[in-house]
file protein29.pdb (PDB, C-alpha atoms)
MODEL        1
ATOM      1  CA  MET M  63      12.634 -79.912  47.489
ATOM      2  CA  THR M  64      10.373 -82.963  47.332
ATOM      3  CA  PRO M  65       8.531 -83.472  50.610
ATOM      4  CA  SER M  66       8.965 -86.772  52.431
ATOM      5  CA  PRO M  67       5.488 -87.651  53.664
ATOM      6  CA  THR M  68       4.468 -89.639  56.692
ATOM      7  CA  LEU M  69       1.593 -91.876  55.640
ATOM      8  CA  VAL M  70      -1.514 -92.250  57.801
ATOM      9  CA  PRO M  71      -4.082 -94.893  56.781
ATOM     10  CA  LEU M  72      -7.756 -93.994  56.670
ATOM     11  CA  THR M  73     -10.289 -96.779  57.089
ATOM     12  CA  GLY M  74     -13.524 -94.946  56.308
ATOM     13  CA  PRO M  75     -16.488 -96.122  58.387
ATOM     14  CA  TRP M  76     -14.304 -98.859  59.861
ATOM     15  CA  HIS M  77     -12.825 -96.213  62.160
ATOM     16  CA  LEU M  78     -16.116 -96.495  64.039
ATOM     17  CA  ARG M  79     -15.540-100.248  64.479
ATOM     18  CA  HIS M  80     -11.849-100.210  65.382
ATOM     19  CA  PRO M  81     -11.387 -98.658  68.840
ATOM     20  CA  ARG M  82      -7.583 -98.837  68.621
ATOM     21  CA  TRP M  83      -7.580 -96.863  65.349
ATOM     22  CA  ASN M  84     -10.614 -94.626  65.631
ATOM     23  CA  VAL M  85     -11.033 -91.010  64.573
ATOM     24  CA  VAL M  86      -9.523 -89.701  67.816
ATOM     25  CA  THR M  87      -6.515 -92.016  67.474
ATOM     26  CA  VAL M  88      -5.906 -90.637  63.984
ATOM     27  CA  ARG M  89      -5.991 -87.087  65.339
ATOM     28  CA  GLU M  90      -3.671 -87.979  68.210
ATOM     29  CA  ALA M  91      -1.239 -89.595  65.779
ATOM     30  CA  LEU M  92      -1.202 -86.314  63.860
ATOM     31  CA  GLU M  93      -0.722 -84.338  67.065
ATOM     32  CA  ALA M  94       2.377 -86.379  67.862
ATOM     33  CA  LEU M  95       3.634 -86.003  64.301
ATOM     34  CA  ASP M  96       3.106 -82.213  64.299
ATOM     35  CA  PRO M  97       3.110 -81.842  60.488
ATOM     36  CA  ASP M  98       3.489 -78.567  58.618
ATOM     37  CA  LEU M  99       0.733 -79.624  56.234
ATOM     38  CA  ILE M 100      -1.859 -82.375  55.999
ATOM     39  CA  ALA M 101      -2.671 -83.811  52.589
ATOM     40  CA  THR M 102      -5.151 -86.546  51.802
ATOM     41  CA  THR M 103      -5.857 -88.780  48.846
ATOM     42  CA  ALA M 104      -9.483 -89.068  49.981
ATOM     43  CA  LEU M 105     -10.423 -85.549  48.871
ATOM     44  CA  PRO M 106      -9.751 -83.592  45.675
ATOM     45  CA  PRO M 107      -8.008 -80.212  45.470
ATOM     46  CA  GLY M 108     -10.352 -77.397  46.437
ATOM     47  CA  PHE M 109     -12.681 -79.742  48.299
ATOM     48  CA  ALA M 110     -13.515 -77.139  50.964
ATOM     49  CA  ASP M 111     -15.388 -75.033  48.391
ATOM     50  CA  ASP M 112     -18.236 -77.551  48.514
ATOM     51  CA  PRO M 113     -19.733 -78.144  51.988
ATOM     52  CA  ASP M 114     -20.892 -81.571  50.853
ATOM     53  CA  TRP M 115     -17.323 -82.810  51.267
ATOM     54  CA  ARG M 116     -18.360 -83.608  54.855
ATOM     55  CA  ALA M 117     -20.336 -86.547  53.472
ATOM     56  CA  THR M 118     -17.081 -88.338  52.644
ATOM     57  CA  PRO M 119     -17.013 -91.924  53.918
ATOM     58  CA  GLU M 120     -13.556 -91.191  55.337
ATOM     59  CA  ALA M 121     -15.016 -90.353  58.718
ATOM     60  CA  ALA M 122     -11.805 -89.196  60.388
ATOM     61  CA  LEU M 123     -11.493 -86.186  58.089
ATOM     62  CA  PRO M 124     -14.659 -84.274  59.063
ATOM     63  CA  TRP M 125     -14.952 -85.796  62.549
ATOM     64  CA  THR M 126     -11.525 -84.883  63.928
ATOM     65  CA  VAL M 127      -8.810 -84.062  61.400
ATOM     66  CA  ALA M 128     -10.371 -81.022  59.734
ATOM     67  CA  PRO M 129     -11.485 -79.330  62.985
ATOM     68  CA  TRP M 130      -8.098 -79.996  64.589
ATOM     69  CA  ALA M 131      -6.191 -78.690  61.572
ATOM     70  CA  ALA M 132      -8.360 -75.562  61.481
ATOM     71  CA  ARG M 133      -7.795 -74.854  65.180
ATOM     72  CA  ARG M 134      -4.016 -75.038  64.842
ATOM     73  CA  GLY M 135      -3.851 -73.300  61.470
ATOM     74  CA  THR M 136      -2.450 -76.299  59.596
ATOM     75  CA  PRO M 137      -3.490 -76.490  55.936
ATOM     76  CA  LEU M 138      -5.559 -79.515  54.934
ATOM     77  CA  VAL M 139      -5.097 -80.136  51.220
ATOM     78  CA  GLY M 140      -6.811 -82.620  48.939
ATOM     79  CA  VAL M 141      -4.523 -84.405  46.481
ATOM     80  CA  GLY M 142      -6.900 -87.157  45.400
ATOM     81  CA  ALA M 143      -9.347 -87.727  42.606
ATOM     82  CA  PRO M 144     -12.307 -90.082  42.185
ATOM     83  CA  PRO M 145     -12.291 -92.677  39.397
ATOM     84  CA  PRO M 146     -12.916 -90.947  36.074
ATOM     85  CA  VAL M 147     -15.883 -93.252  35.416
ATOM     86  CA  GLU M 148     -18.023 -94.092  38.430
ATOM     87  CA  GLY M 149     -19.433 -97.607  38.421
ATOM     88  CA  ALA M 150     -16.982 -98.772  35.773
ATOM     89  CA  GLU M 151     -16.077-101.956  37.654
ATOM     90  CA  ALA M 152     -19.735-102.990  37.798
ATOM     91  CA  ASP M 153     -20.038-102.305  34.071
ATOM     92  CA  LEU M 154     -16.936-104.400  33.422
ATOM     93  CA  ASP M 155     -18.347-107.175  35.567
ATOM     94  CA  ARG M 156     -21.482-107.306  33.418
ATOM     95  CA  TYR M 157     -19.430-107.172  30.226
ATOM     96  CA  LEU M 158     -17.245-110.083  31.311
ATOM     97  CA  GLN M 159     -20.255-112.361  31.706
ATOM     98  CA  GLY M 160     -19.631-113.390  28.108
ATOM     99  CA  PHE M 161     -15.874-113.945  28.574
ATOM    100  CA  PRO M 162     -15.356-116.744  31.109
ATOM    101  CA  ASP M 163     -11.546-116.613  31.131
ATOM    102  CA  ALA M 164     -11.413-112.891  31.823
ATOM    103  CA  ARG M 165     -14.209-113.203  34.359
ATOM    104  CA  ALA M 166     -12.213-115.910  36.149
ATOM    105  CA  ALA M 167      -9.292-113.497  36.514
ATOM    106  CA  LEU M 168     -11.529-110.867  38.103
ATOM    107  CA  ASP M 169     -13.147-113.421  40.391
ATOM    108  CA  GLY M 170      -9.693-114.647  41.402
ATOM    109  CA  ALA M 171      -8.651-111.158  42.413
ATOM    110  CA  ARG M 172     -11.826-110.706  44.419
ATOM    111  CA  ALA M 173     -11.296-114.025  46.165
ATOM    112  CA  VAL M 174      -8.086-112.654  47.667
ATOM    113  CA  LEU M 175     -10.190-110.199  49.653
ATOM    114  CA  GLU M 176     -12.601-112.785  51.081
ATOM    115  CA  PRO M 177     -10.738-113.000  54.434
ATOM    116  CA  LEU M 178     -11.532-109.319  54.980
ATOM    117  CA  ARG M 179     -15.240-110.102  55.293
ATOM    118  CA  GLU M 180     -14.474-111.808  58.570
ATOM    119  CA  ARG M 181     -11.515-109.709  59.681
ATOM    120  CA  LEU M 182     -12.587-106.122  59.089
ATOM    121  CA  PRO M 183     -15.597-106.106  61.432
ATOM    122  CA  ARG M 184     -13.361-107.170  64.336
ATOM    123  CA  PRO M 185     -11.152-104.611  66.097
ATOM    124  CA  LEU M 186      -7.891-103.769  64.354
ATOM    125  CA  ASP M 187      -5.093-101.488  65.451
ATOM    126  CA  LEU M 188      -2.614 -99.723  63.172
ATOM    127  CA  ALA M 189      -0.181-102.637  63.130
ATOM    128  CA  GLY M 190      -2.991-105.046  62.288
ATOM    129  CA  LEU M 191      -4.193-102.897  59.420
ATOM    130  CA  LEU M 192      -0.738-102.753  57.885
ATOM    131  CA  ALA M 193       0.080-106.420  58.479
ATOM    132  CA  GLU M 194      -3.271-108.111  57.828
ATOM    133  CA  VAL M 195      -5.276-105.843  55.512
ATOM    134  CA  VAL M 196      -2.794-104.008  53.294
ATOM    135  CA  PRO M 197      -1.105-107.179  51.937
ATOM    136  CA  LEU M 198      -4.472-108.523  50.783
ATOM    137  CA  LEU M 199      -5.296-105.223  49.104
ATOM    138  CA  ALA M 200      -1.878-105.242  47.429
ATOM    139  CA  ASP M 201      -2.382-108.799  46.142
ATOM    140  CA  ASP M 202      -5.817-107.894  44.815
ATOM    141  CA  LEU M 203      -4.377-104.897  42.977
ATOM    142  CA  ARG M 204      -1.475-106.935  41.566
ATOM    143  CA  ARG M 205      -3.828-109.556  40.153
ATOM    144  CA  ARG M 206      -6.089-106.944  38.589
ATOM    145  CA  LEU M 207      -3.178-105.105  37.010
ATOM    146  CA  GLU M 208      -1.763-108.338  35.598
ATOM    147  CA  ALA M 209      -5.094-109.341  34.083
ATOM    148  CA  PHE M 210      -6.545-106.023  32.957
ATOM    149  CA  GLY M 211      -4.024-103.212  33.386
ATOM    150  CA  ASP M 212      -5.014-100.021  35.137
ATOM    151  CA  GLY M 213      -8.559 -99.049  34.296
ATOM    152  CA  PRO M 214     -12.118-100.068  35.157
ATOM    153  CA  ALA M 215     -11.047-103.222  36.991
ATOM    154  CA  THR M 216      -8.800-101.230  39.323
ATOM    155  CA  ALA M 217     -10.836 -97.999  39.495
ATOM    156  CA  TRP M 218      -7.742 -96.422  37.869
ATOM    157  CA  ARG M 219      -5.868 -96.739  41.170
ATOM    158  CA  ALA M 220      -2.390 -96.565  39.649
ATOM    159  CA  GLU M 221      -3.264 -93.462  37.646
ATOM    160  CA  ARG M 222      -4.942 -91.798  40.615
ATOM    161  CA  ALA M 223      -2.033 -92.649  42.909
ATOM    162  CA  ALA M 224       0.533 -91.220  40.477
ATOM    163  CA  SER M 225      -1.543 -88.048  40.191
ATOM    164  CA  ALA M 226      -1.720 -87.739  43.989
ATOM    165  CA  VAL M 227       2.062 -88.094  44.249
ATOM    166  CA  ALA M 228       2.566 -85.427  41.586
ATOM    167  CA  ARG M 229       0.295 -83.041  43.500
ATOM    168  CA  LEU M 230       2.114 -83.851  46.712
ATOM    169  CA  ARG M 231       5.477 -83.025  45.111
ATOM    170  CA  ASP M 232       4.076 -79.699  43.932
ATOM    171  CA  LEU M 233       3.475 -78.690  47.548
ATOM    172  CA  GLY M 234       7.152 -77.892  47.873
ATOM    173  CA  GLY M 235       9.487 -77.992  50.861
ATOM    174  CA  VAL M 236       7.091 -78.907  53.628
ATOM    175  CA  ARG M 237       6.917 -81.841  56.029
ATOM    176  CA  PRO M 238       3.484 -83.270  55.256
ATOM    177  CA  ALA M 239       1.328 -85.958  56.711
ATOM    178  CA  LEU M 240      -0.448 -87.832  53.933
ATOM    179  CA  LEU M 241      -3.740 -89.440  54.918
ATOM    180  CA  VAL M 242      -4.397 -92.273  52.496
ATOM    181  CA  ASP M 243      -7.681 -94.090  51.986
ATOM    182  CA  LEU M 244      -6.811 -97.728  52.612
ATOM    183  CA  ASP M 245      -8.062 -98.952  49.240
ATOM    184  CA  LEU M 246      -5.517 -96.707  47.516
ATOM    185  CA  TRP M 247      -2.612 -97.500  49.874
ATOM    186  CA  PRO M 248      -0.866-100.211  47.769
ATOM    187  CA  ALA M 249      -1.005 -98.118  44.596
ATOM    188  CA  LEU M 250       0.085 -94.996  46.473
ATOM    189  CA  VAL M 251       3.207 -96.506  48.022
ATOM    190  CA  THR M 252       4.102 -98.001  44.625
ATOM    191  CA  ALA M 253       3.742 -94.563  43.041
ATOM    192  CA  LEU M 254       5.870 -92.940  45.761
ATOM    193  CA  ASP M 255       8.621 -95.507  45.248
ATOM    194  CA  ALA M 256       8.469 -95.097  41.478
ATOM    195  CA  ALA M 257       8.823 -91.335  41.878
ATOM    196  CA  GLY M 258      11.761 -91.709  44.258
ATOM    197  CA  VAL M 259       9.878 -90.056  47.117
ATOM    198  CA  PRO M 260      10.896 -91.455  50.521
ATOM    199  CA  TRP M 261       8.067 -92.091  52.944
ATOM    200  CA  THR M 262       7.431 -93.425  56.408
ATOM    201  CA  THR M 263       4.380 -94.752  58.225
ATOM    202  CA  VAL M 264       2.938 -92.902  61.195
ATOM    203  CA  ALA M 265       3.447 -94.353  64.666
ATOM    204  CA  ALA M 266       0.392 -95.345  66.693
ATOM    205  CA  PRO M 267      -0.090 -93.139  69.751
ATOM    206  CA  PRO M 268      -0.701 -94.575  73.230
ATOM    207  CA  VAL M 269      -4.356 -95.299  73.972
ATOM    208  CA  SER M 270      -5.773 -92.199  75.642
ATOM    209  CA  ALA M 271      -8.867 -91.503  77.711
ATOM    210  CA  ALA M 272     -10.222 -89.467  74.784
ATOM    211  CA  ALA M 273      -9.782 -92.409  72.419
ATOM    212  CA  ARG M 274     -11.525 -94.746  74.862
ATOM    213  CA  ARG M 275     -14.400 -92.288  75.192
ATOM    214  CA  ARG M 276     -14.616 -92.062  71.412
ATOM    215  CA  ALA M 277     -14.835 -95.858  71.246
ATOM    216  CA  LEU M 278     -17.772 -95.789  73.661
ATOM    217  CA  LEU M 279     -19.572 -93.171  71.564
ATOM    218  CA  ASP M 280     -18.947 -95.282  68.475
ATOM    219  CA  VAL M 281     -20.628 -98.253  70.139
ATOM    220  CA  ALA M 282     -23.629 -96.033  70.854
ATOM    221  CA  TRP M 283     -23.774 -94.913  67.218
ATOM    222  CA  HIS M 284     -24.067 -98.573  66.217
ATOM    223  CA  GLY M 285     -26.927 -99.059  68.667
ATOM    224  CA  GLU M 286     -25.978-102.730  69.080
ATOM    225  CA  ALA M 287     -24.927-102.829  72.756
ATOM    226  CA  PRO M 288     -26.067-105.964  74.612
ATOM    227  CA  ASP M 289     -26.230-103.970  77.861
ATOM    228  CA  VAL M 290     -28.264-100.897  76.965
ATOM    229  CA  ALA M 291     -28.660 -99.763  80.572
ATOM    230  CA  GLY M 292     -24.924 -99.963  81.091
ATOM    231  CA  LEU M 293     -24.253 -98.028  77.890
ATOM    232  CA  LEU M 294     -26.732 -95.321  78.911
ATOM    233  CA  ALA M 295     -25.010 -95.019  82.280
ATOM    234  CA  GLN M 296     -21.621 -94.627  80.593
ATOM    235  CA  LEU M 297     -22.957 -92.029  78.170
ATOM    236  CA  ARG M 298     -24.271 -90.004  81.095
ATOM    237  CA  GLU M 299     -20.781 -89.866  82.597
ATOM    238  CA  GLY M 300     -19.823 -87.254  79.991
ATOM    239  CA  ASP M 301     -21.362 -83.912  79.123
ATOM    240  CA  GLU M 302     -20.803 -83.960  75.360
ATOM    241  CA  PRO M 303     -23.815 -82.924  73.255
ATOM    242  CA  GLU M 304     -23.060 -85.956  71.105
ATOM    243  CA  ALA M 305     -23.521 -88.207  74.148
ATOM    244  CA  ARG M 306     -26.877 -86.585  74.859
ATOM    245  CA  PHE M 307     -27.999 -87.177  71.285
ATOM    246  CA  LEU M 308     -26.929 -90.817  71.459
ATOM    247  CA  GLU M 309     -28.638 -91.194  74.811
ATOM    248  CA  ALA M 310     -31.855 -89.899  73.253
ATOM    249  CA  GLN M 311     -31.444 -92.253  70.304
ATOM    250  CA  LEU M 312     -31.159 -95.252  72.606
ATOM    251  CA  LEU M 313     -34.109 -94.128  74.702
ATOM    252  CA  LEU M 314     -36.281 -93.716  71.634
ATOM    253  CA  ALA M 315     -35.178 -97.073  70.227
ATOM    254  CA  HIS M 316     -36.288 -98.718  73.471
ATOM    255  CA  ASP M 317     -39.688 -96.983  73.552
ATOM    256  CA  HIS M 318     -39.000 -94.090  75.890
ATOM    257  CA  PRO M 319     -39.838 -91.095  73.638
ATOM    258  CA  ALA M 320     -40.762 -88.736  76.480
ATOM    259  CA  GLU M 321     -37.415 -89.264  78.201
ATOM    260  CA  ALA M 322     -35.634 -88.928  74.852
ATOM    261  CA  LEU M 323     -37.362 -85.603  74.227
ATOM    262  CA  GLU M 324     -36.351 -84.296  77.637
ATOM    263  CA  VAL M 325     -32.714 -85.177  76.962
ATOM    264  CA  LEU M 326     -32.688 -83.536  73.529
ATOM    265  CA  GLU M 327     -34.485 -80.414  74.726
ATOM    266  CA  GLN M 328     -31.720 -79.917  77.260
ATOM    267  CA  ALA M 329     -29.014 -80.595  74.670
ATOM    268  CA  SER M 330     -30.577 -78.124  72.227
ATOM    269  CA  HIS M 331     -30.022 -75.262  74.686
ATOM    270  CA  GLY M 332     -26.250 -75.786  74.654
ATOM    271  CA  ASP M 333     -23.532 -75.673  72.013
ATOM    272  CA  PHE M 334     -24.031 -78.703  69.770
ATOM    273  CA  ARG M 335     -22.007 -77.587  66.753
ATOM    274  CA  GLN M 336     -19.581 -80.529  66.993
ATOM    275  CA  PRO M 337     -19.149 -83.104  65.628
ATOM    276  CA  TYR M 338     -19.930 -81.848  62.157
ATOM    277  CA  LEU M 339     -23.004 -84.016  61.547
ATOM    278  CA  LEU M 340     -24.610 -83.452  64.954
ATOM    279  CA  PRO M 341     -26.556 -80.176  64.408
ATOM    280  CA  GLY M 342     -28.640 -81.525  61.545
ATOM    281  CA  LEU M 343     -29.268 -84.907  63.116
ATOM    282  CA  LEU M 344     -30.118 -83.463  66.519
ATOM    283  CA  LEU M 345     -32.553 -80.892  65.167
ATOM    284  CA  ALA M 346     -34.273 -83.392  62.874
ATOM    285  CA  ARG M 347     -34.666 -85.884  65.725
ATOM    286  CA  LEU M 348     -35.816 -83.131  68.062
ATOM    287  CA  GLY M 349     -38.547 -82.244  65.581
ATOM    288  CA  GLN M 350     -39.663 -85.867  65.400
ATOM    289  CA  LEU M 351     -39.767 -86.216  69.184
ATOM    290  CA  ARG M 352     -41.761 -83.000  69.495
ATOM    291  CA  ASP M 353     -44.168 -84.366  66.905
ATOM    292  CA  LEU M 354     -44.565 -87.564  68.919
ATOM    293  CA  ALA M 355     -45.367 -85.398  71.941
ATOM    294  CA  GLY M 356     -48.016 -83.494  69.966
ATOM    295  CA  LYS M 357     -45.993 -80.263  69.891
ATOM    296  CA  ARG M 358     -46.370 -79.581  66.201
ATOM    297  CA  GLU M 359     -45.406 -75.900  66.094
ATOM    298  CA  ARG M 360     -42.208 -76.541  68.028
ATOM    299  CA  ALA M 361     -41.498 -79.535  65.820
ATOM    300  CA  LEU M 362     -41.741 -77.309  62.754
ATOM    301  CA  GLN M 363     -39.209 -74.925  64.308
ATOM    302  CA  ALA M 364     -36.733 -77.766  64.717
ATOM    303  CA  TYR M 365     -37.254 -79.061  61.188
ATOM    304  CA  ARG M 366     -36.749 -75.577  59.744
ATOM    305  CA  GLY M 367     -33.630 -75.183  61.843
ATOM    306  CA  ALA M 368     -32.162 -78.375  60.404
ATOM    307  CA  LEU M 369     -32.848 -77.245  56.832
ATOM    308  CA  ALA M 370     -31.430 -73.772  57.497
ATOM    309  CA  LEU M 371     -27.987 -75.149  58.336
ATOM    310  CA  ALA M 372     -25.200 -74.553  55.831
ATOM    311  CA  TRP M 373     -24.742 -78.326  55.732
ATOM    312  CA  ALA M 374     -26.524 -81.293  57.249
ATOM    313  CA  PRO M 375     -26.355 -85.029  56.512
ATOM    314  CA  GLU M 376     -28.712 -86.169  53.809
ATOM    315  CA  GLU M 377     -30.675 -88.315  56.240
ATOM    316  CA  ALA M 378     -31.239 -85.291  58.481
ATOM    317  CA  ARG M 379     -32.412 -83.156  55.583
ATOM    318  CA  ALA M 380     -34.728 -85.933  54.391
ATOM    319  CA  ALA M 381     -36.211 -86.359  57.878
ATOM    320  CA  ALA M 382     -36.693 -82.609  58.280
ATOM    321  CA  THR M 383     -38.305 -82.275  54.859
ATOM    322  CA  ALA M 384     -40.672 -85.137  55.608
ATOM    323  CA  GLY M 385     -41.437 -83.631  59.002
ATOM    324  CA  LEU M 386     -42.446 -80.340  57.449
ATOM    325  CA  ALA M 387     -44.820 -82.136  55.118
ATOM    326  CA  ALA M 388     -46.518 -84.272  57.774
ATOM    327  CA  PRO M 389     -46.130 -84.900  61.516
ATOM    328  CA  PHE M 390     -43.698 -87.671  62.367
ATOM    329  CA  GLY M 391     -45.421 -90.832  63.565
ATOM    330  CA  GLY M 392     -48.849 -89.561  62.605
ATOM    331  CA  SER M 393     -49.141 -87.379  65.716
ATOM    332  CA  GLU M 394     -51.779 -84.689  65.739
ATOM    333  CA  PRO M 395     -50.766 -81.052  65.973
ATOM    334  CA  GLY M 396     -50.958 -79.837  69.561
TER
ENDMDL
END

call {"tool": "encode", "arguments": {"input": "protein29.pdb", "output": "structure tokens"}}
result
Amino acid sequence: MTPSPTLVPLTGPWHLRHPRWNVVTVREALEALDPDLIATTALPPGFADDPDWRATPEAALPWTVAPWAARRGTPLVGVGAPPPVEGAEADLDRYLQGFPDARAALDGARAVLEPLRERLPRPLDLAGLLAEVVPLLADDLRRRLEAFGDGPATAWRAERAASAVARLRDLGGVRPALLVDLDLWPALVTALDAAGVPWTTVAAPPVSAAARRRALLDVAWHGEAPDVAGLLAQLREGDEPEARFLEAQLLLAHDHPAEALEVLEQASHGDFRQPYLLPGLLLARLGQLRDLAGKRERALQAYRGALALAWAPEEARAAATAGLAAPFGGSEPG
């Protein structure tokens, strides 16, 4: 029996900008859906064998979806594939410099997406994504297919979408949720229709306290709050290790390294395993703050801890590696 998926759009780092469709909202939509299986076009089959999958730009997957699925015992399966040739569109762009007519077709397709430059940074909910963003993506894809066919100009979206649908059908008689990276959405729904696979779109859940809290944390990650004191006060209302890390980040950014160190020292004595990127970032920053305080030996312990993790963000590993080589900020060992 061919499964009938419920489609859930993924917006990559834009989840951190859209409080009405953030990573918690995605998880809560899945909770309400209660699927037997979660598939995603954003990850390939067997993705979990490589811990670096957590570096995916589709933030909702490692932030909330994967931990939630693991807790409830729901399989999370990758059905996607990257373009067979990375950077092919840029290569095509350079090639078309000598073919003005073809270049005009590519530029015309890109022009369709210009409104997104202004729209995407502003908050969007699920309905807005489907009504305001997806049609532009679909028009862009249509123009590229008409001018060039499926290939470098489209990042092989039609081929990749058809492959994802075939993998989805191979899953058998389950009731899956299919999390689709937004860029692939138009090609994916076309491939589902062509294969005769019925599909529906997930319903947006009511705005919850957890989603509102997530939106506040996202603002802190950006570090762009006009009222820093107010944001710090709101962060302190919760006891999440992530909030303590963000509090320390803001304190350091506003020239309060001693206070930042005190906050992170306290956080480091608790359980800071979640979210997935926090352990590496917290330990690397803790090492830097200890260096600034002249506590070189303790800084080295933190740096080594960051590098000993099974996985840490690249920026955390780079900071820890640099910290081992020389004290952060030029501080003297104490």

call {"tool": "residues_around", "arguments": {"input": "protein29.pdb", "residues": "segment 122-132 of chain M", "least_positions_apart": "6", "cutoff": "7 Å", "atoms": "only C-alpha atoms", "output": "list in words"}}
result
Val85, Val86, Arg89, Arg116, Leu138, Pro337 and Tyr338 of chain M

call {"tool": "closest_residue", "arguments": {"input": "protein29.pdb", "among": "M:Glu286, M:Asp245, M:Glu324, M:Glu180", "to": "Leu203 of chain M", "atoms": "only C-alpha atoms"}}
result
M:Asp245

call {"tool": "residues_near_point", "arguments": {"input": "protein29.pdb", "point": "(-46.5, -82.1, 71.5)", "cutoff": "12 Å", "atoms": "only C-alpha atoms", "output": "PDB file with C-alpha atoms, in the frame of the given file"}}
result
ATOM      1  CA  PRO M 319     -39.838 -91.095  73.638  1.00  0.00           C
ATOM      2  CA  ALA M 320     -40.762 -88.736  76.480  1.00  0.00           C
ATOM      3  CA  LEU M 323     -37.362 -85.603  74.227  1.00  0.00           C
ATOM      4  CA  LEU M 348     -35.816 -83.131  68.062  1.00  0.00           C
ATOM      5  CA  GLY M 349     -38.547 -82.244  65.581  1.00  0.00           C
ATOM      6  CA  GLN M 350     -39.663 -85.867  65.400  1.00  0.00           C
ATOM      7  CA  LEU M 351     -39.767 -86.216  69.184  1.00  0.00           C
ATOM      8  CA  ARG M 352     -41.761 -83.000  69.495  1.00  0.00           C
ATOM      9  CA  ASP M 353     -44.168 -84.366  66.905  1.00  0.00           C
ATOM     10  CA  LEU M 354     -44.565 -87.564  68.919  1.00  0.00           C
ATOM     11  CA  ALA M 355     -45.367 -85.398  71.941  1.00  0.00           C
ATOM     12  CA  GLY M 356     -48.016 -83.494  69.966  1.00  0.00           C
ATOM     13  CA  LYS M 357     -45.993 -80.263  69.891  1.00  0.00           C
ATOM     14  CA  ARG M 358     -46.370 -79.581  66.201  1.00  0.00           C
ATOM     15  CA  GLU M 359     -45.406 -75.900  66.094  1.00  0.00           C
ATOM     16  CA  ARG M 360     -42.208 -76.541  68.028  1.00  0.00           C
ATOM     17  CA  ALA M 361     -41.498 -79.535  65.820  1.00  0.00           C
ATOM     18  CA  LEU M 362     -41.741 -77.309  62.754  1.00  0.00           C
ATOM     19  CA  PRO M 389     -46.130 -84.900  61.516  1.00  0.00           C
ATOM     20  CA  PHE M 390     -43.698 -87.671  62.367  1.00  0.00           C
ATOM     21  CA  GLY M 391     -45.421 -90.832  63.565  1.00  0.00           C
ATOM     22  CA  GLY M 392     -48.849 -89.561  62.605  1.00  0.00           C
ATOM     23  CA  SER M 393     -49.141 -87.379  65.716  1.00  0.00           C
ATOM     24  CA  GLU M 394     -51.779 -84.689  65.739  1.00  0.00           C
ATOM     25  CA  PRO M 395     -50.766 -81.052  65.973  1.00  0.00           C
ATOM     26  CA  GLY M 396     -50.958 -79.837  69.561  1.00  0.00           C
TER      27      GLY M 396
END

call {"tool": "resolve_selection", "arguments": {"input": "protein29.pdb", "expression": "the PyMOL selection byres ((chain M and resi 201) around 12)", "output": "ChimeraX atom specification"}}
result
/M:170-175,194-200,202-208,245,247-249

call {"tool": "resolve_selection", "arguments": {"input": "protein29.pdb", "expression": "the PyMOL selection byres ((chain M and resi 262-279) around 10)", "output": "ChimeraX atom specification"}}
result
/M:66-71,77-95,187-189,192,239-241,251,260-261,280-285,293,296-297,300,304-305,308-309

call {"tool": "atom_distance", "arguments": {"input": "protein29.pdb", "atom1": "atom CA of Asp155 of chain M", "atom2": "atom CA of Ala215 of chain M"}}
result
8.4 Å

call {"tool": "closest_residue", "arguments": {"input": "protein29.pdb", "among": "M:Pro146, M:Ala346, M:Ala380, M:Ile100", "to": "Tyr365 of chain M", "atoms": "only C-alpha atoms"}}
result
M:Ala346

call {"tool": "atom_distance", "arguments": {"input": "protein29.pdb", "atom1": "atom CA of Pro65 of chain M", "atom2": "atom CA of Pro238 of chain M"}}
result
6.9 Å

call {"tool": "atom_distance", "arguments": {"input": "protein29.pdb", "atom1": "atom CA of Ala287 of chain M", "atom2": "atom CA of Thr73 of chain M"}}
result
22.3 Å

call {"tool": "residues_near_point", "arguments": {"input": "protein29.pdb", "point": "(-37.1, -82.4, 58.8)", "cutoff": "7 Å", "atoms": "all atoms listed in the file", "output": "PyMOL selection string"}}
result
chain M and resi 346+349+365-366+368-369+378-386

call {"tool": "residues_around", "arguments": {"input": "protein29.pdb", "residues": "Pro144 of chain M", "least_positions_apart": "6", "cutoff": "10 Å", "atoms": "all atoms listed in the file", "output": "list in words"}}
result
Thr103, Ala104, Leu105, Pro106, Ala217, Trp218, Arg219 and Arg222 of chain M

call {"tool": "write_last_selection", "arguments": {"input": "protein29.pdb", "atoms": "C-alpha atoms", "output": "PDB file, in the coordinates of the input"}}
result
ATOM      1  CA  THR M 103      -5.857 -88.780  48.846  1.00  0.00           C
ATOM      2  CA  ALA M 104      -9.483 -89.068  49.981  1.00  0.00           C
ATOM      3  CA  LEU M 105     -10.423 -85.549  48.871  1.00  0.00           C
ATOM      4  CA  PRO M 106      -9.751 -83.592  45.675  1.00  0.00           C
ATOM      5  CA  ALA M 217     -10.836 -97.999  39.495  1.00  0.00           C
ATOM      6  CA  TRP M 218      -7.742 -96.422  37.869  1.00  0.00           C
ATOM      7  CA  ARG M 219      -5.868 -96.739  41.170  1.00  0.00           C
ATOM      8  CA  ARG M 222      -4.942 -91.798  40.615  1.00  0.00           C
TER       9      ARG M 222
END

call {"tool": "closest_residue", "arguments": {"input": "protein29.pdb", "among": "M:Gly213, M:Pro75, M:Gly140, M:Trp115", "to": "Asp153 of chain M", "atoms": "all atoms listed in the file"}}
result
M:Gly213

call {"tool": "closest_residue", "arguments": {"input": "protein29.pdb", "among": "M:Ala223, M:Ala310, M:Val236, M:Leu244", "to": "Ala256 of chain M", "atoms": "all atoms listed in the file"}}
result
M:Ala223

call {"tool": "closest_residue", "arguments": {"input": "protein29.pdb", "among": "M:Ala164, M:Leu99, M:Ala253, M:Leu191", "to": "Leu178 of chain M", "atoms": "only C-alpha atoms"}}
result
M:Leu191

call {"tool": "resolve_selection", "arguments": {"input": "protein29.pdb", "expression": "the PyMOL selection byres ((chain M and resi 232) around 12)", "output": "list in words"}}
result
Met63, Thr64, Pro65, Ala101, Val139, Val141, Ser225, Ala226, Val227, Ala228, Arg229, Leu230, Arg231, Leu233, Gly234, Gly235, Val236 and Pro238 of chain M
